$ cat input09.pdb   # PDB, C-alpha atoms
ATOM      1  CA  MET X 212      32.455 -12.543  40.972
ATOM      2  CA  LYS X 213      30.211 -14.228  38.422
ATOM      3  CA  LEU X 214      26.546 -14.762  39.094
ATOM      4  CA  GLU X 215      25.141 -18.244  38.930
ATOM      5  CA  LYS X 216      21.486 -18.952  38.297
ATOM      6  CA  TRP X 217      19.766 -18.615  41.646
ATOM      7  CA  SER X 218      16.088 -18.316  40.752
ATOM      8  CA  ASP X 219      15.260 -21.627  42.464
ATOM      9  CA  LYS X 220      16.966 -20.546  45.689
ATOM     10  CA  VAL X 221      15.758 -18.224  48.418
ATOM     11  CA  GLY X 222      18.524 -15.717  49.084
ATOM     12  CA  GLU X 223      19.292 -14.173  52.445
ATOM     13  CA  PHE X 224      18.265 -10.757  51.102
ATOM     14  CA  GLU X 225      15.222 -11.954  49.184
ATOM     15  CA  GLY X 226      13.015  -8.962  48.352
ATOM     16  CA  LYS X 227      15.285  -6.394  50.026
ATOM     17  CA  SER X 228      15.796  -3.145  48.142
ATOM     18  CA  VAL X 229      19.492  -2.249  47.936
ATOM     19  CA  ILE X 230      21.132   0.834  46.425
ATOM     20  CA  VAL X 231      24.813   0.655  45.436
ATOM     21  CA  THR X 232      26.350   3.990  44.467
ATOM     22  CA  GLY X 233      29.209   3.786  42.009
ATOM     23  CA  GLY X 234      27.861   0.282  41.563
ATOM     24  CA  ALA X 235      28.865  -0.625  38.015
ATOM     25  CA  LEU X 236      32.590  -1.363  38.293
ATOM     26  CA  GLY X 237      35.263  -2.370  40.790
ATOM     27  CA  ILE X 238      34.132  -2.778  44.380
ATOM     28  CA  GLY X 239      30.682  -1.478  43.493
ATOM     29  CA  GLY X 240      30.237  -4.022  40.746
ATOM     30  CA  GLY X 241      31.262  -6.837  43.074
ATOM     31  CA  VAL X 242      28.854  -5.628  45.750
ATOM     32  CA  SER X 243      25.980  -5.250  43.258
ATOM     33  CA  ARG X 244      26.502  -8.803  42.001
ATOM     34  CA  ALA X 245      26.733 -10.204  45.538
ATOM     35  CA  PHE X 246      23.470  -8.669  46.729
ATOM     36  CA  ALA X 247      21.662  -9.661  43.536
ATOM     37  CA  ALA X 248      22.880 -13.228  43.932
ATOM     38  CA  ALA X 249      21.587 -13.176  47.521
ATOM     39  CA  GLY X 250      18.093 -12.258  46.324
ATOM     40  CA  ALA X 251      18.055  -8.478  46.647
ATOM     41  CA  ASN X 252      16.500  -5.991  44.254
ATOM     42  CA  VAL X 253      19.499  -3.847  43.370
ATOM     43  CA  THR X 254      19.528  -0.257  42.157
ATOM     44  CA  VAL X 255      22.908   0.508  40.607
ATOM     45  CA  MET X 256      23.866   4.178  40.462
ATOM     46  CA  ASP X 257      26.764   5.176  38.230
ATOM     47  CA  ILE X 258      27.787   7.540  35.439
ATOM     48  CA  ASP X 259      29.408   4.837  33.296
ATOM     49  CA  ASP X 260      26.353   3.933  31.240
ATOM     50  CA  GLU X 261      28.081   1.235  29.221
ATOM     51  CA  ALA X 262      29.312  -0.576  32.333
ATOM     52  CA  GLY X 263      25.993  -0.048  34.097
ATOM     53  CA  ASP X 264      23.926  -1.480  31.263
ATOM     54  CA  ALA X 265      26.291  -4.443  30.912
ATOM     55  CA  LEU X 266      26.041  -5.218  34.625
ATOM     56  CA  ILE X 267      22.230  -5.107  34.577
ATOM     57  CA  ASP X 268      22.217  -7.479  31.603
ATOM     58  CA  GLU X 269      24.531  -9.815  33.525
ATOM     59  CA  ILE X 270      22.413  -9.755  36.679
ATOM     60  CA  THR X 271      19.058 -10.153  34.965
ATOM     61  CA  GLY X 272      20.532 -12.827  32.707
ATOM     62  CA  ALA X 273      21.275 -14.802  35.866
ATOM     63  CA  ASP X 274      17.674 -14.337  37.050
ATOM     64  CA  GLY X 275      18.577 -11.457  39.356
ATOM     65  CA  ALA X 276      16.643  -8.239  39.847
ATOM     66  CA  ALA X 277      18.421  -4.965  39.156
ATOM     67  CA  GLN X 278      18.006  -1.577  37.543
ATOM     68  CA  TYR X 279      20.531   1.009  36.443
ATOM     69  CA  VAL X 280      20.256   4.723  37.222
ATOM     70  CA  SER X 281      22.596   7.065  35.368
ATOM     71  CA  ALA X 282      23.227   9.726  37.993
ATOM     72  CA  ASP X 283      26.014  11.861  39.446
ATOM     73  CA  ALA X 284      26.471  11.090  43.152
ATOM     74  CA  GLY X 285      28.071  14.483  43.674
ATOM     75  CA  THR X 286      24.777  16.271  43.063
ATOM     76  CA  ILE X 287      21.508  16.633  44.941
ATOM     77  CA  GLU X 288      19.585  15.745  41.803
ATOM     78  CA  GLY X 289      21.582  12.552  41.220
ATOM     79  CA  CYS X 290      21.148  11.221  44.752
ATOM     80  CA  ARG X 291      17.470  12.117  44.922
ATOM     81  CA  ALA X 292      16.763  10.544  41.510
ATOM     82  CA  THR X 293      18.463   7.311  42.563
ATOM     83  CA  VAL X 294      16.444   7.056  45.758
ATOM     84  CA  ASP X 295      13.218   7.835  43.877
ATOM     85  CA  ALA X 296      14.017   5.132  41.309
ATOM     86  CA  ALA X 297      14.560   2.509  44.022
ATOM     87  CA  ILE X 298      11.290   3.426  45.741
ATOM     88  CA  ASP X 299       9.349   3.458  42.472
ATOM     89  CA  ALA X 300      10.701   0.103  41.301
ATOM     90  CA  TYR X 301      10.953  -1.821  44.559
ATOM     91  CA  GLY X 302       8.593  -0.103  46.981
ATOM     92  CA  GLY X 303      11.203   1.359  49.314
ATOM     93  CA  ILE X 304      14.793   1.107  50.502
ATOM     94  CA  ASP X 305      16.321  -1.306  52.991
ATOM     95  CA  ILE X 306      20.067  -0.999  52.431
ATOM     96  CA  VAL X 307      22.307   1.727  51.010
ATOM     97  CA  ILE X 308      25.891   0.957  50.050
ATOM     98  CA  ASN X 309      27.811   4.224  49.672
ATOM     99  CA  ASN X 310      30.563   2.930  47.435
ATOM    100  CA  VAL X 311      31.105   5.779  45.001
ATOM    101  CA  GLY X 312      34.475   7.499  45.280
ATOM    102  CA  ILE X 313      37.113   9.180  43.151
ATOM    103  CA  GLN X 314      40.841   9.766  43.504
ATOM    104  CA  PRO X 315      41.865  11.429  40.225
ATOM    105  CA  PRO X 316      45.540  11.139  39.227
ATOM    106  CA  SER X 317      45.592  14.936  38.773
ATOM    107  CA  SER X 318      44.804  15.393  42.472
ATOM    108  CA  TYR X 319      48.169  13.994  43.622
ATOM    109  CA  VAL X 320      49.591  17.368  44.662
ATOM    110  CA  ASP X 321      49.832  19.196  47.961
ATOM    111  CA  ALA X 322      47.042  21.434  49.223
ATOM    112  CA  VAL X 323      48.659  24.566  47.798
ATOM    113  CA  ASP X 324      48.682  23.187  44.261
ATOM    114  CA  LEU X 325      45.344  21.378  44.404
ATOM    115  CA  PRO X 326      42.757  23.359  42.403
ATOM    116  CA  GLU X 327      39.720  24.379  44.416
ATOM    117  CA  GLU X 328      37.420  22.692  41.923
ATOM    118  CA  SER X 329      39.273  19.380  42.400
ATOM    119  CA  TRP X 330      38.853  19.649  46.175
ATOM    120  CA  GLU X 331      35.147  20.359  45.794
ATOM    121  CA  ARG X 332      34.576  17.520  43.323
ATOM    122  CA  ILE X 333      36.317  14.934  45.514
ATOM    123  CA  ILE X 334      34.535  16.076  48.670
ATOM    124  CA  ASN X 335      31.164  16.199  46.902
ATOM    125  CA  ILE X 336      31.411  12.673  45.539
ATOM    126  CA  ASN X 337      33.289  10.951  48.365
ATOM    127  CA  LEU X 338      31.618  12.633  51.352
ATOM    128  CA  ARG X 339      28.667  14.860  50.478
ATOM    129  CA  SER X 340      27.040  11.946  48.654
ATOM    130  CA  ARG X 341      26.948  10.024  51.958
ATOM    131  CA  PHE X 342      24.942  12.821  53.561
ATOM    132  CA  LEU X 343      22.613  13.134  50.568
ATOM    133  CA  MET X 344      21.935   9.403  50.286
ATOM    134  CA  ALA X 345      21.040   9.266  53.987
ATOM    135  CA  LYS X 346      18.892  12.387  53.741
ATOM    136  CA  TYR X 347      16.742  10.901  50.991
ATOM    137  CA  SER X 348      16.858   7.188  51.949
ATOM    138  CA  VAL X 349      16.255   7.273  55.697
ATOM    139  CA  PRO X 350      12.566   8.305  55.448
ATOM    140  CA  SER X 351      11.847   5.130  53.459
ATOM    141  CA  MET X 352      13.862   3.019  55.889
ATOM    142  CA  ARG X 353      11.865   4.461  58.770
ATOM    143  CA  GLU X 354       8.635   3.477  57.037
ATOM    144  CA  ARG X 355       9.961  -0.075  56.616
ATOM    145  CA  GLY X 356      10.988  -0.392  60.247
ATOM    146  CA  GLY X 357      14.746  -0.073  59.834
ATOM    147  CA  GLY X 358      17.651  -0.410  57.479
ATOM    148  CA  VAL X 359      21.394  -0.438  57.005
ATOM    149  CA  ILE X 360      23.758   2.178  55.572
ATOM    150  CA  ILE X 361      27.311   1.064  54.805
ATOM    151  CA  SER X 362      30.037   3.311  53.404
ATOM    152  CA  VAL X 363      33.207   2.319  51.645
ATOM    153  CA  ALA X 364      35.697   4.540  53.444
ATOM    154  CA  SER X 365      39.420   3.706  53.366
ATOM    155  CA  VAL X 366      42.449   2.946  55.461
ATOM    156  CA  GLN X 367      43.416   6.469  54.354
ATOM    157  CA  GLY X 368      40.678   7.690  56.679
ATOM    158  CA  LEU X 369      42.825   6.367  59.547
ATOM    159  CA  LEU X 370      46.346   7.051  58.274
ATOM    160  CA  SER X 371      47.499   8.990  55.268
ATOM    161  CA  MET X 372      50.134   9.366  52.567
ATOM    162  CA  PRO X 373      51.610  12.333  50.712
ATOM    163  CA  PHE X 374      49.624  14.444  48.249
ATOM    164  CA  VAL X 375      46.073  13.231  48.945
ATOM    165  CA  SER X 376      44.622  16.082  51.014
ATOM    166  CA  ALA X 377      41.105  16.009  49.555
ATOM    167  CA  TYR X 378      40.865  12.223  49.416
ATOM    168  CA  ALA X 379      42.146  11.803  52.973
ATOM    169  CA  ALA X 380      39.759  14.475  54.236
ATOM    170  CA  SER X 381      36.833  12.830  52.493
ATOM    171  CA  LYS X 382      37.585   9.407  53.950
ATOM    172  CA  GLY X 383      38.213  10.712  57.456
ATOM    173  CA  GLY X 384      34.951  12.618  57.201
ATOM    174  CA  ASP X 385      33.184   9.484  56.001
ATOM    175  CA  LEU X 386      34.227   7.597  59.142
ATOM    176  CA  SER X 387      33.187  10.486  61.382
ATOM    177  CA  LEU X 388      29.823  10.796  59.630
ATOM    178  CA  THR X 389      29.268   7.064  60.106
ATOM    179  CA  ARG X 390      29.750   7.430  63.854
ATOM    180  CA  GLN X 391      27.506  10.465  64.063
ATOM    181  CA  MET X 392      24.608   9.150  61.980
ATOM    182  CA  SER X 393      24.644   5.849  63.859
ATOM    183  CA  ILE X 394      23.653   7.816  66.953
ATOM    184  CA  ASP X 395      20.895   9.802  65.254
ATOM    185  CA  PHE X 396      19.288   6.838  63.534
ATOM    186  CA  ALA X 397      19.683   4.103  66.148
ATOM    187  CA  LYS X 398      16.184   4.851  67.448
ATOM    188  CA  ASP X 399      14.870   4.066  63.964
ATOM    189  CA  ASN X 400      16.542   0.643  63.889
ATOM    190  CA  ILE X 401      18.902   1.924  61.198
ATOM    191  CA  ARG X 402      22.485   0.734  61.526
ATOM    192  CA  VAL X 403      25.329   2.776  60.013
ATOM    193  CA  LEU X 404      28.745   1.239  59.346
ATOM    194  CA  SER X 405      31.887   1.664  57.269
ATOM    195  CA  VAL X 406      34.368  -0.637  55.584
ATOM    196  CA  ASN X 407      38.006   0.379  55.128
ATOM    197  CA  PRO X 408      39.540  -1.450  52.181
ATOM    198  CA  GLY X 409      43.234  -1.808  51.665
ATOM    199  CA  THR X 410      44.427  -1.908  48.075
ATOM    200  CA  ILE X 411      41.741  -3.553  45.946
ATOM    201  CA  ASN X 412      42.218  -4.569  42.321
ATOM    202  CA  THR X 413      39.919  -1.999  40.722
ATOM    203  CA  PRO X 414      40.037   0.571  37.902
ATOM    204  CA  MET X 415      40.260   3.363  40.498
ATOM    205  CA  VAL X 416      43.442   1.853  41.928
ATOM    206  CA  TRP X 417      44.892   1.510  38.436
ATOM    207  CA  ARG X 418      44.231   5.201  37.813
ATOM    208  CA  ALA X 419      45.680   6.136  41.204
ATOM    209  CA  LEU X 420      48.884   4.273  40.342
ATOM    210  CA  GLU X 421      49.043   6.207  37.098
ATOM    211  CA  GLY X 422      48.782   9.387  39.142
ATOM    212  CA  THR X 423      51.871   8.471  41.132
ATOM    213  CA  GLY X 424      53.792   7.736  37.947
ATOM    214  CA  ASP X 425      54.064   4.002  38.679
ATOM    215  CA  ASP X 426      53.771   1.260  36.119
ATOM    216  CA  ILE X 427      50.405  -0.296  36.938
ATOM    217  CA  GLU X 428      51.548  -3.917  36.951
ATOM    218  CA  GLN X 429      54.636  -3.171  39.023
ATOM    219  CA  GLY X 430      52.613  -0.883  41.269
ATOM    220  CA  LEU X 431      50.183  -3.698  42.067
ATOM    221  CA  ILE X 432      53.077  -6.035  42.837
ATOM    222  CA  ASP X 433      54.690  -3.445  45.108
ATOM    223  CA  SER X 434      51.375  -2.720  46.811
ATOM    224  CA  ALA X 435      50.838  -6.409  47.535
ATOM    225  CA  LYS X 436      54.091  -6.391  49.512
ATOM    226  CA  THR X 437      52.704  -3.762  51.891
ATOM    227  CA  HIS X 438      49.930  -6.140  52.957
ATOM    228  CA  PRO X 439      50.949  -8.834  55.465
ATOM    229  CA  LEU X 440      48.821 -11.379  53.598
ATOM    230  CA  GLY X 441      51.038 -10.779  50.585
ATOM    231  CA  ARG X 442      48.361  -9.864  48.086
ATOM    232  CA  ILE X 443      45.967  -7.079  47.211
ATOM    233  CA  GLY X 444      42.253  -7.569  47.656
ATOM    234  CA  GLN X 445      39.542  -8.336  45.150
ATOM    235  CA  PRO X 446      36.056  -6.766  44.964
ATOM    236  CA  ALA X 447      34.602 -10.037  46.279
ATOM    237  CA  ASP X 448      36.605  -9.617  49.487
ATOM    238  CA  ILE X 449      34.724  -6.395  50.192
ATOM    239  CA  ALA X 450      31.388  -7.731  48.980
ATOM    240  CA  ASN X 451      31.546 -10.677  51.376
ATOM    241  CA  VAL X 452      32.009  -8.350  54.348
ATOM    242  CA  MET X 453      29.199  -6.094  53.104
ATOM    243  CA  LEU X 454      26.815  -9.046  53.002
ATOM    244  CA  PHE X 455      27.648  -9.868  56.602
ATOM    245  CA  LEU X 456      27.331  -6.290  57.873
ATOM    246  CA  ALA X 457      23.983  -5.814  56.142
ATOM    247  CA  SER X 458      22.613  -9.076  57.535
ATOM    248  CA  ASP X 459      20.938  -9.880  60.832
ATOM    249  CA  LYS X 460      24.159 -11.628  61.865
ATOM    250  CA  ALA X 461      25.586  -8.140  62.464
ATOM    251  CA  SER X 462      22.468  -6.783  64.169
ATOM    252  CA  PHE X 463      24.421  -5.473  67.195
ATOM    253  CA  MET X 464      26.947  -3.564  65.074
ATOM    254  CA  THR X 465      26.590   0.135  64.351
ATOM    255  CA  GLY X 466      28.756   3.256  64.410
ATOM    256  CA  SER X 467      31.948   1.308  63.755
ATOM    257  CA  TYR X 468      34.200   0.286  60.884
ATOM    258  CA  VAL X 469      35.785  -2.925  59.667
ATOM    259  CA  ASN X 470      39.229  -2.957  58.061
ATOM    260  CA  VAL X 471      39.338  -5.271  55.067
ATOM    261  CA  ASP X 472      42.959  -4.562  54.296
ATOM    262  CA  GLY X 473      45.026  -7.735  54.306
ATOM    263  CA  GLY X 474      46.559  -6.639  57.605
ATOM    264  CA  MET X 475      47.808  -3.278  56.335
ATOM    265  CA  MET X 476      46.646  -1.336  59.394
ATOM    266  CA  ALA X 477      48.362  -3.829  61.691
ATOM    267  CA  VAL X 478      51.760  -2.775  60.333
ATOM    268  CA  GLY X 479      53.438   0.404  61.593
ATOM    269  CA  ALA X 480      55.399   2.551  59.172
ATOM    270  CA  TRP X 481      58.571   1.622  61.047
ATOM    271  CA  ALA X 482      58.103  -2.033  60.028
ATOM    272  CA  GLY X 483      58.967  -1.403  56.400
ATOM    273  CA  THR X 484      57.580  -3.531  53.631
ATOM    274  CA  VAL X 485      55.937  -6.731  54.763
ATOM    275  CA  GLY X 486      55.161  -9.734  52.634
ATOM    276  CA  ALA X 487      53.385 -12.983  53.295
ATOM    277  CA  GLY X 488      55.219 -15.026  55.925
ATOM    278  CA  GLY X 489      57.467 -12.253  57.212
ATOM    279  CA  SER X 490      59.291  -9.055  56.406
ATOM    280  CA  ASP X 491      61.156  -8.451  53.151
TER     281      ASP X 491
END
$ encode --input "input09.pdb" --output "structure tokens"
Amino acid sequence: MKLEKWSDKVGEFEGKSVIVTGGALGIGGGVSRAFAAAGANVTVMDIDDEAGDALIDEITGADGAAQYVSADAGTIEGCRATVDAAIDAYGGIDIVINNVGIQPPSSYVDAVDLPEESWERIININLRSRFLMAKYSVPSMRERGGGVIISVASVQGLLSMPFVSAYAASKGGDLSLTRQMSIDFAKDNIRVLSVNPGTINTPMVWRALEGTGDDIEQGLIDSAKTHPLGRIGQPADIANVMLFLASDKASFMTGSYVNVDGGMMAVGAWAGTVGAGGSD
């Protein structure tokens, strides 16, 4: 998703302060661009400094407003520093997109063989970061009269596959935390939602395919066949749904999730591989 000059337009999120964790590449990069193009002031948290700096240059070069924070979402210090940076630069926080997530190729083993430190790292980044970002962002949202928190969970939070114990646990926990926090923060006019992507064409998916031993190109082709629409998704597919969920158009939505999966969750395992227009 390329930004076009939008300085002469009034975006739907004009002046809103948005944090995107893991916001430099893949889904996060697409979401950061989309909110910037819609007028938001975007704080991009990531640990890939080269990608983060390049994205900020791209956004500001298109007359957008964005800053990059080099921070580890798996730590208290990283989450708190990101929130502080957004408040310092933009006066507060309106929207948090919890996008950051990892699924290292080395983690594709069963629970017996998964090192404890791998479990802890995946849970810290994929799940604990959601708690920490809420803990430090919600006070600012309360001061501003409300807000929106949206997590990128996964269809693997609903169903699972072999050898992903930590990842599956983190995504299932993400969905449960979404439900729970939506109850606690409803009185504050803070909505909490999740998005479950199917396979999206991102660097994380490429690395995951490497972890299974698949050729990346062939793996993407094979994955497309598991989606009834016959293709894998793009970061813009997720970003478009995020824009809707964060907007007033979704003002009566909280505590729920949206599958953005090309129909993957509509297909039972018994159905085999499904391609566009019918079964293969």
$ resolve_selection --input "input09.pdb" --expression "the PyMOL selection byres ((chain X and resi 443-460) around 6)" --output "PyMOL selection string"
chain X and resi 238+241-242+410-412+435+442+461-462
$ atom_distance --input "input09.pdb" --atom1 "CA of Lys346 in chain X" --atom2 "CA of Tyr279 in chain X"
20.8 Å
$ closest_atom_pairs --input "input09.pdb" --of "range 311-390 of chain X" --to "range 248-257 of chain X" --cutoff "12 Å" --atoms "all atoms listed in the file" --output "CSV"
residue,atom,partner,partner_atom,distance
X:Val311,CA,X:Asp257,CA,8.1
X:Gly312,CA,X:Asp257,CA,10.7
X:Ile336,CA,X:Asp257,CA,11.5
X:Ser340,CA,X:Met256,CA,11.7
X:Met344,CA,X:Met256,CA,11.3
$ write_last_selection --input "input09.pdb" --atoms "C-alpha atoms" --output "PDB file, in the frame of the given file"
ATOM      1  CA  VAL X 311      31.105   5.779  45.001  1.00  0.00           C
ATOM      2  CA  GLY X 312      34.475   7.499  45.280  1.00  0.00           C
ATOM      3  CA  ILE X 336      31.411  12.673  45.539  1.00  0.00           C
ATOM      4  CA  SER X 340      27.040  11.946  48.654  1.00  0.00           C
ATOM      5  CA  MET X 344      21.935   9.403  50.286  1.00  0.00           C
TER       6      MET X 344
END
$ resolve_selection --input "input09.pdb" --expression "the PyMOL selection byres ((chain X and resi 281) around 10)" --output "VMD selection string"
chain X and resid 233 255 to 260 263 to 264 279 to 280 282 to 284 289 292 to 293
$ residues_around --input "input09.pdb" --residues "Ser376 in chain X" --least-positions-apart "5" --cutoff "9 Å" --atoms "only C-alpha atoms" --output "NGL selection string"
:X and (318-322 or 325 or 330 or 371 or 381)
$ atom_distance --input "input09.pdb" --atom1 "CA of Ile298 in chain X" --atom2 "CA of Ser351 in chain X"
7.9 Å
$ closest_residue --input "input09.pdb" --among "X:Gly272, X:Ile360, X:Gln314, X:Glu288" --to "Val231 in chain X" --atoms "all atoms listed in the file"
X:Ile360
$ closest_residue --input "input09.pdb" --among "X:Pro350, X:Ile401, X:Gln367, X:Gly409" --to "Val294 in chain X" --atoms "only C-alpha atoms"
X:Pro350
$ atom_distance --input "input09.pdb" --atom1 "CA of Asn470 in chain X" --atom2 "CA of Ser405 in chain X"
8.7 Å
$ resolve_selection --input "input09.pdb" --expression "the PyMOL selection byres ((chain X and resi 438) around 6)" --output "PDB file with C-alpha atoms, in the coordinates of the input"
ATOM      1  CA  ALA X 435      50.838  -6.409  47.535  1.00  0.00           C
ATOM      2  CA  LYS X 436      54.091  -6.391  49.512  1.00  0.00           C
ATOM      3  CA  THR X 437      52.704  -3.762  51.891  1.00  0.00           C
ATOM      4  CA  PRO X 439      50.949  -8.834  55.465  1.00  0.00           C
ATOM      5  CA  LEU X 440      48.821 -11.379  53.598  1.00  0.00           C
ATOM      6  CA  GLY X 441      51.038 -10.779  50.585  1.00  0.00           C
ATOM      7  CA  GLY X 473      45.026  -7.735  54.306  1.00  0.00           C
ATOM      8  CA  GLY X 474      46.559  -6.639  57.605  1.00  0.00           C
ATOM      9  CA  MET X 475      47.808  -3.278  56.335  1.00  0.00           C
TER      10      MET X 475
END
$ residues_near_point --input "input09.pdb" --point "(13.4, 4.3, 65.6)" --cutoff "9 Å" --atoms "all atoms listed in the file" --output "PyMOL selection string"
chain X and resi 353+356-357+396-401
$ closest_residue --input "input09.pdb" --among "X:Ile361, X:Met415, X:Leu338, X:Ala273" --to "Gly466 in chain X" --atoms "all atoms listed in the file"
X:Ile361
$ residues_near_point --input "input09.pdb" --point "(33.6, 2.0, 61.3)" --cutoff "12 Å" --atoms "all atoms listed in the file" --output "JSON list (two decimals) with C-alpha atoms, in the frame of the given file"
[["chain", "number", "residue", "atom", "x", "y", "z"],
["X", 360, "ILE", "CA", 23.76, 2.18, 55.57],
["X", 361, "ILE", "CA", 27.31, 1.06, 54.80],
["X", 362, "SER", "CA", 30.04, 3.31, 53.40],
["X", 363, "VAL", "CA", 33.21, 2.32, 51.64],
["X", 364, "ALA", "CA", 35.70, 4.54, 53.44],
["X", 365, "SER", "CA", 39.42, 3.71, 53.37],
["X", 366, "VAL", "CA", 42.45, 2.95, 55.46],
["X", 368, "GLY", "CA", 40.68, 7.69, 56.68],
["X", 369, "LEU", "CA", 42.82, 6.37, 59.55],
["X", 382, "LYS", "CA", 37.58, 9.41, 53.95],
["X", 383, "GLY", "CA", 38.21, 10.71, 57.46],
["X", 384, "GLY", "CA", 34.95, 12.62, 57.20],
["X", 385, "ASP", "CA", 33.18, 9.48, 56.00],
["X", 386, "LEU", "CA", 34.23, 7.60, 59.14],
["X", 387, "SER", "CA", 33.19, 10.49, 61.38],
["X", 388, "LEU", "CA", 29.82, 10.80, 59.63],
["X", 389, "THR", "CA", 29.27, 7.06, 60.11],
["X", 390, "ARG", "CA", 29.75, 7.43, 63.85],
["X", 391, "GLN", "CA", 27.51, 10.46, 64.06],
["X", 392, "MET", "CA", 24.61, 9.15, 61.98],
["X", 393, "SER", "CA", 24.64, 5.85, 63.86],
["X", 402, "ARG", "CA", 22.48, 0.73, 61.53],
["X", 403, "VAL", "CA", 25.33, 2.78, 60.01],
["X", 404, "LEU", "CA", 28.74, 1.24, 59.35],
["X", 405, "SER", "CA", 31.89, 1.66, 57.27],
["X", 406, "VAL", "CA", 34.37, -0.64, 55.58],
["X", 407, "ASN", "CA", 38.01, 0.38, 55.13],
["X", 408, "PRO", "CA", 39.54, -1.45, 52.18],
["X", 456, "LEU", "CA", 27.33, -6.29, 57.87],
["X", 464, "MET", "CA", 26.95, -3.56, 65.07],
["X", 465, "THR", "CA", 26.59, 0.14, 64.35],
["X", 466, "GLY", "CA", 28.76, 3.26, 64.41],
["X", 467, "SER", "CA", 31.95, 1.31, 63.76],
["X", 468, "TYR", "CA", 34.20, 0.29, 60.88],
["X", 469, "VAL", "CA", 35.78, -2.92, 59.67],
["X", 470, "ASN", "CA", 39.23, -2.96, 58.06],
["X", 471, "VAL", "CA", 39.34, -5.27, 55.07]]
$ closest_residue --input "input09.pdb" --among "X:Gly226, X:Pro373, X:Gly275, X:Gly285" --to "Ile306 in chain X" --atoms "all atoms listed in the file"
X:Gly226
$ closest_residue --input "input09.pdb" --among "X:Arg244, X:Arg339, X:Arg332, X:Arg355" --to "Asn309 in chain X" --atoms "only C-alpha atoms"
X:Arg339
$ closest_residue --input "input09.pdb" --among "X:Val359, X:Leu343, X:Ala377, X:Ile270" --to "Pro326 in chain X" --atoms "all atoms listed in the file"
X:Ala377
